[in-house]
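Enquirer: Let me give you the structure first, and then I'll get to my questions.
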Amino acid sequence: MNLEFCCPTLFGLEGIVADELRFGGKLTDVRAENGRVLFTGDRGTLIWANMHLRCAERVLIRLASFPAFDFEGLFEGTKAIPWENFLPVSASFPVKGHSLNSQLFSVPDCQKIIKKAIVDRLGAHYGISWFEEDGDRYQIQFSIMHDQVEIFLDTSGAGLHKRGYRANANAAPLRETLAAAMVKVARWRGRDPFIDPFCGSGTISIEAAMIALNRAPGLMRTYDAEKWHWIADTAWKDAREQAISEVRTGVELDLCASDIDPEAVALARDNAGKAGVAQFIRFETADATRRAYPEAGTLFANPPYGERLLDKESAQQLYRGMGRALAKSDLRQYYLTSDPEFERFYGYQADKRRKLYNGMIRCDLYMYFKPVTERRPVHGNPSGRADATARRGTEPRRADKPMGRNDQTGKRERTFGEGKKPFARRAQQEGRGEKSGFAPRDKYAGTQKKSTPYRDKTANSKGRNPRNPEKPRT
Ligand SMILES: C[S@@+](CC[C@H](N)C(=O)[O-])C[C@H]1O[C@@H](n2cnc3c(N)ncnc32)[C@H](O)[C@@H]1O
């Protein structure tokens, strides 16, 4: 069975996920796009991607992509998908999705139309008109952008950042996929000392240990597709055994994770225990600005940003303290923070910066990897970004924002093409819109309760964007 897959990623991680697929998964047909990576493969690919990708949010099967300007087009395009190949008669198939810059803008109505089309198709195949939906979950997602519909089947279930080791987290945990990405960007593979002096719940050190040990991140969890009848149980079992056989043994690692808060250190130790890597990490309680550091190796830090932990001024004093402690050190250093003035307080320009999103918060990864002699001090306000920020305040530029999201609230906001009137207003002006001729026509109309022979227990009208589908957590 040849399948087309789509992995949504946090913005900024697309290239890393594409590399994981190319080099780890040995795939050739891999395309990175804004906030997602597309690739093709078979059932084995589906299992491998779920179990091994460290930086993707989930693995979706792209079932169809077609233009639709009205409900009829959406209905017919959805009905054309061979649903009977994927969904058994008992399947529970909630539908969720989002619409942006499209004629079909009412997410709840699109959910109903898609559901009705699937019921029509499956009803004809199974010879029934009522679906109990009391079996395994087949989560359906749709995306409508610029009138182009995409229909997906979610194979992962819980997001892939949920590895199963972090039941508890501190106040501002870093998403596991982003922590793994930091380690990958630095190309740290366990050969030199590692230190995270702001470890919180320990995410970066745990991900680093798993990378160094070549331990698949998804070994400890389950997936929705594990229960699907068209993928043999033995395929999952074999893939797990194969992944276990690939774990490096006899490896000596020098990882240290510390935090000023003893409770955070205890939490990090506990999480590392759950992940099965506690024996590879030294945990310490220490103030990052005063502790001793190894002379060489790599430092990873996700210090407070002054948003949820500490106020801005205290966070910036911390950056100043880190600069005093480490700007002259040969340690390679990687700091992830949303503060655009980090370099000014640290005192030195980063050798490289990389824009990343921690949930909905736009951050930069400030990288110091060149020899100390090449480090350039910041006099006043040296960097382009800091200059621009000073001019415009700390507000990110519009172009910095992930599409369709509000920076402050993280909620979806409708975006419109430049110079175009907002669609709702245009629709009203032109006598269209949900309350006029744009409501579902009779053939598709009717609420689920009244006229459709199925129950949609979990339909989600929030319309989250699958290109950035997980809730912000920092
Ligand atoms: C953003 S959180 C780190 C989150 C962590 N990456 C995780 O995944 O859970 C920042 C951490 O810095 C710690 N911290 C604050 N000031 C510190 C200091 N002076 N020295 C060391 N740790 C400090 C806080 O206790 C908090 O756990």
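Ordering of the structure tokens sets the chain letters (A, B, ...); residue numbers start at 1 within each chain; ligands are numbered from 1 in the order shown.
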Considering only C-alpha atoms and all ligand atoms, tabulate each residue of chain A that lies at most 7 Å from ligand 1 along with its nearest interatomic pair and the corresponding distance in Å to one decimal; arrange the rows by chain and ascending residue number and present them as JSON lines.

Expert:
{"residue": "A:Ala169", "atom": "CA", "partner": "ligand 1", "partner_atom_place_in_ligand_line": "9 (O)", "distance": 6.1}
{"residue": "A:Asn170", "atom": "CA", "partner": "ligand 1", "partner_atom_place_in_ligand_line": "9 (O)", "distance": 5.6}
{"residue": "A:Ala172", "atom": "CA", "partner": "ligand 1", "partner_atom_place_in_ligand_line": "1 (C)", "distance": 4.9}
{"residue": "A:Pro173", "atom": "CA", "partner": "ligand 1", "partner_atom_place_in_ligand_line": "9 (O)", "distance": 3.5}
{"residue": "A:Leu174", "atom": "CA", "partner": "ligand 1", "partner_atom_place_in_ligand_line": "8 (O)", "distance": 3.8}
{"residue": "A:Arg175", "atom": "CA", "partner": "ligand 1", "partner_atom_place_in_ligand_line": "8 (O)", "distance": 6.7}
{"residue": "A:Pro197", "atom": "CA", "partner": "ligand 1", "partner_atom_place_in_ligand_line": "21 (C)", "distance": 5.6}
{"residue": "A:Phe198", "atom": "CA", "partner": "ligand 1", "partner_atom_place_in_ligand_line": "12 (O)", "distance": 4.1}
{"residue": "A:Cys199", "atom": "CA", "partner": "ligand 1", "partner_atom_place_in_ligand_line": "5 (C)", "distance": 4.8}
{"residue": "A:Gly200", "atom": "CA", "partner": "ligand 1", "partner_atom_place_in_ligand_line": "27 (O)", "distance": 3.4}
{"residue": "A:Ser201", "atom": "CA", "partner": "ligand 1", "partner_atom_place_in_ligand_line": "9 (O)", "distance": 3.6}
{"residue": "A:Gly202", "atom": "CA", "partner": "ligand 1", "partner_atom_place_in_ligand_line": "7 (C)", "distance": 5.4}
{"residue": "A:Thr203", "atom": "CA", "partner": "ligand 1", "partner_atom_place_in_ligand_line": "8 (O)", "distance": 4.3}
{"residue": "A:Ile204", "atom": "CA", "partner": "ligand 1", "partner_atom_place_in_ligand_line": "6 (N)", "distance": 6.1}
{"residue": "A:Ser258", "atom": "CA", "partner": "ligand 1", "partner_atom_place_in_ligand_line": "21 (C)", "distance": 6.7}
{"residue": "A:Asp259", "atom": "CA", "partner": "ligand 1", "partner_atom_place_in_ligand_line": "22 (N)", "distance": 3.9}
{"residue": "A:Ile260", "atom": "CA", "partner": "ligand 1", "partner_atom_place_in_ligand_line": "21 (C)", "distance": 4.0}
{"residue": "A:Asp261", "atom": "CA", "partner": "ligand 1", "partner_atom_place_in_ligand_line": "25 (O)", "distance": 4.8}
{"residue": "A:Ala264", "atom": "CA", "partner": "ligand 1", "partner_atom_place_in_ligand_line": "27 (O)", "distance": 5.8}
{"residue": "A:Ala286", "atom": "CA", "partner": "ligand 1", "partner_atom_place_in_ligand_line": "21 (C)", "distance": 5.9}
{"residue": "A:Asp287", "atom": "CA", "partner": "ligand 1", "partner_atom_place_in_ligand_line": "20 (N)", "distance": 3.6}
{"residue": "A:Ala288", "atom": "CA", "partner": "ligand 1", "partner_atom_place_in_ligand_line": "20 (N)", "distance": 3.8}
{"residue": "A:Thr289", "atom": "CA", "partner": "ligand 1", "partner_atom_place_in_ligand_line": "19 (N)", "distance": 5.9}
{"residue": "A:Asn302", "atom": "CA", "partner": "ligand 1", "partner_atom_place_in_ligand_line": "6 (N)", "distance": 5.0}
{"residue": "A:Pro303", "atom": "CA", "partner": "ligand 1", "partner_atom_place_in_ligand_line": "10 (C)", "distance": 4.5}
{"residue": "A:Pro304", "atom": "CA", "partner": "ligand 1", "partner_atom_place_in_ligand_line": "1 (C)", "distance": 4.5}
{"residue": "A:Tyr305", "atom": "CA", "partner": "ligand 1", "partner_atom_place_in_ligand_line": "1 (C)", "distance": 6.9}
{"residue": "A:Leu309", "atom": "CA", "partner": "ligand 1", "partner_atom_place_in_ligand_line": "1 (C)", "distance": 6.9}
{"residue": "A:Leu318", "atom": "CA", "partner": "ligand 1", "partner_atom_place_in_ligand_line": "19 (N)", "distance": 6.3}

Enquirer: Please run DSSP on the backbone and report, as an NGL selection string, all residues within segment 172-387 of chain A that come out as strand (DSSP E).

Expert: :A and (194-196 or 255-259 or 281-285 or 298-301 or 332-337 or 352-358 or 361-368)

Enquirer: I'd like the neighbourhood of Arg189 of chain A as a ChimeraX atom specification, where a residue qualifies if any of its atoms comes within 9 Å (using only C-alpha atoms), though same-chain residues fewer than 3 positions away should be ignored.

Expert: /A:183-184,186,192,208-209,211-213

Enquirer: Residues of the last selection are to be written out with N, CA and C atoms, as a CSV table (one decimal), in the first residue's frame.

Expert:
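Output saved as out.csv:
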chain,number,residue,atom,x,y,z
A,183,VAL,N,19.4,19.8,20.4
A,183,VAL,CA,20.5,18.9,20.5
A,183,VAL,C,21.0,18.6,19.1
A,184,LYS,N,20.0,18.4,18.2
A,184,LYS,CA,20.3,18.1,16.8
A,184,LYS,C,21.0,19.2,16.1
A,186,ALA,N,22.9,21.4,17.4
A,186,ALA,CA,24.3,21.5,17.9
A,186,ALA,C,25.1,20.3,17.5
A,192,ASP,N,31.3,14.6,23.7
A,192,ASP,CA,31.9,15.5,24.7
A,192,ASP,C,30.9,15.8,25.8
A,208,ALA,N,18.8,14.5,25.0
A,208,ALA,CA,20.2,14.3,24.6
A,208,ALA,C,20.7,12.9,24.9
A,209,ALA,N,20.3,12.4,26.1
A,209,ALA,CA,20.8,11.0,26.4
A,209,ALA,C,20.2,10.0,25.4
A,211,ILE,N,19.3,10.6,22.3
A,211,ILE,CA,19.9,10.7,21.0
A,211,ILE,C,21.3,10.0,21.1
A,212,ALA,N,22.1,10.2,22.1
A,212,ALA,CA,23.4,9.6,22.2
A,212,ALA,C,23.3,8.1,22.3
A,213,LEU,N,22.2,7.6,22.9
A,213,LEU,CA,22.1,6.1,23.0
A,213,LEU,C,21.4,5.5,21.8

Enquirer: Measuring between only C-alpha atoms, which one of A:Ser314, A:Ser99, A:Asn85, A:Thr298 shows the shortest distance to Gly190 of chain A?

Expert: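 The closest residue to Gly190 of chain A is A:Thr298.
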
Enquirer: Just checking: using only C-alpha atoms, which residue out of A:Gly276, A:Ala292, A:Thr337, A:Ala179 ends up closest to Lys312 of chain A?

Expert: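 Checking each of A:Gly276, A:Ala292, A:Thr337, A:Ala179 against Lys312 of chain A, counting only C-alpha atoms, the winner is A:Thr337.
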
Enquirer: Extract, using only C-alpha atoms, all DNA, RNA and protein residues at most 12 Å from Asp19 of chain A, discarding same-chain residues fewer than 6 positions from it, and format them as a PyMOL selection string.

Expert: chain A and resi 13+25-32+37+39+53-56+181+184-185

Enquirer: Which residues, written as a PyMOL selection string, have at least one atom at most 12 Å from Asp224 of chain A, with only C-alpha atoms counted and residues fewer than 2 positions away on the same chain left out?

Expert: chain A and resi 46-47+50+58-60+91-93+135-140+153-160+221-222+226-229+231+236

Enquirer: Once DSSP has gone over the backbone, tell me which residues of segment 151-341 of chain A are in helix (DSSP H, G or I), as number ranges by chain.

Expert: A: 176-185, 203-212, 224-227, 233-245, 262-275, 278-280, 312-326

Enquirer: Near Trp48 of chain A, counting only C-alpha atoms, which residues have an atom at most 10 Å away, once you skip same-chain residues fewer than 4 positions from it, shown as an NGL selection string?

Expert: :A and (21 or 24-25 or 42-44 or 52-53 or 216 or 218 or 236 or 239-240 or 243)

Enquirer: Of the residues A:Ala225, A:Leu219, A:Ala325, A:Leu178, which is the one nearest to Leu365 of chain A, using only C-alpha atoms?

Expert: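 Result for the nearest residue to Leu365 of chain A: A:Leu178.
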
Enquirer: Fewer than 2 positions away in the same chain doesn't count, so skip those; otherwise give me all residues within 12 Å of Arg282 of chain A, counting only C-alpha atoms, as a PyMOL selection string.

Expert: chain A and resi 193-197+199+202+205-206+209+253-259+265-266+268-269+272-273+277-280+284-285

Enquirer: Output C-alpha atoms of each residue in that selection to a file, as a compact mmCIF listing (two decimals), in the first residue's frame.

Expert:
# COMPACT_ATOMS: atom_id res chain seq x y z
CA PRO A 193 30.48 16.72 28.02
CA PHE A 194 26.92 18.05 28.09
CA ILE A 195 25.54 20.52 30.60
CA ASP A 196 22.07 22.06 31.04
CA PRO A 197 22.27 24.51 33.97
CA CYS A 199 17.24 21.93 33.52
CA GLY A 202 15.08 17.74 32.56
CA SER A 205 19.23 16.25 29.02
CA ILE A 206 16.78 13.35 28.65
CA ALA A 209 20.77 11.01 26.39
CA LEU A 253 28.20 9.65 28.66
CA ASP A 254 29.04 12.81 30.59
CA LEU A 255 25.72 14.62 31.06
CA CYS A 256 24.99 17.10 33.82
CA ALA A 257 21.61 18.74 34.50
CA SER A 258 21.26 21.35 37.21
CA ASP A 259 18.77 23.93 38.42
CA VAL A 265 16.04 18.79 40.11
CA ALA A 266 14.02 16.07 41.86
CA ALA A 268 14.12 16.00 36.38
CA ARG A 269 15.67 12.98 38.11
CA ALA A 272 14.96 10.63 33.60
CA GLY A 273 14.17 7.50 35.62
CA VAL A 277 18.28 7.25 31.23
CA ALA A 278 18.78 8.39 34.86
CA GLN A 279 22.05 6.47 35.15
CA PHE A 280 23.59 8.58 32.39
CA GLU A 284 22.82 18.90 40.78
CA THR A 285 21.20 21.85 42.54

Enquirer: Smallest atom-to-atom distance to His146 of chain A: which of A:Phe369, A:Phe66, A:Tyr126, A:Phe345, using only C-alpha atoms?

Expert: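 Residue with the minimum atom-to-atom distance to His146 of chain A: A:Phe66.
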
Enquirer: Quick one: distance from atom CA of Tyr319 of chain A to atom CA of Tyr346 of chain A in Å, one decimal?

Expert: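 Atom CA of Tyr346 of chain A lies at a distance of 5.1 Å from atom CA of Tyr319 of chain A.
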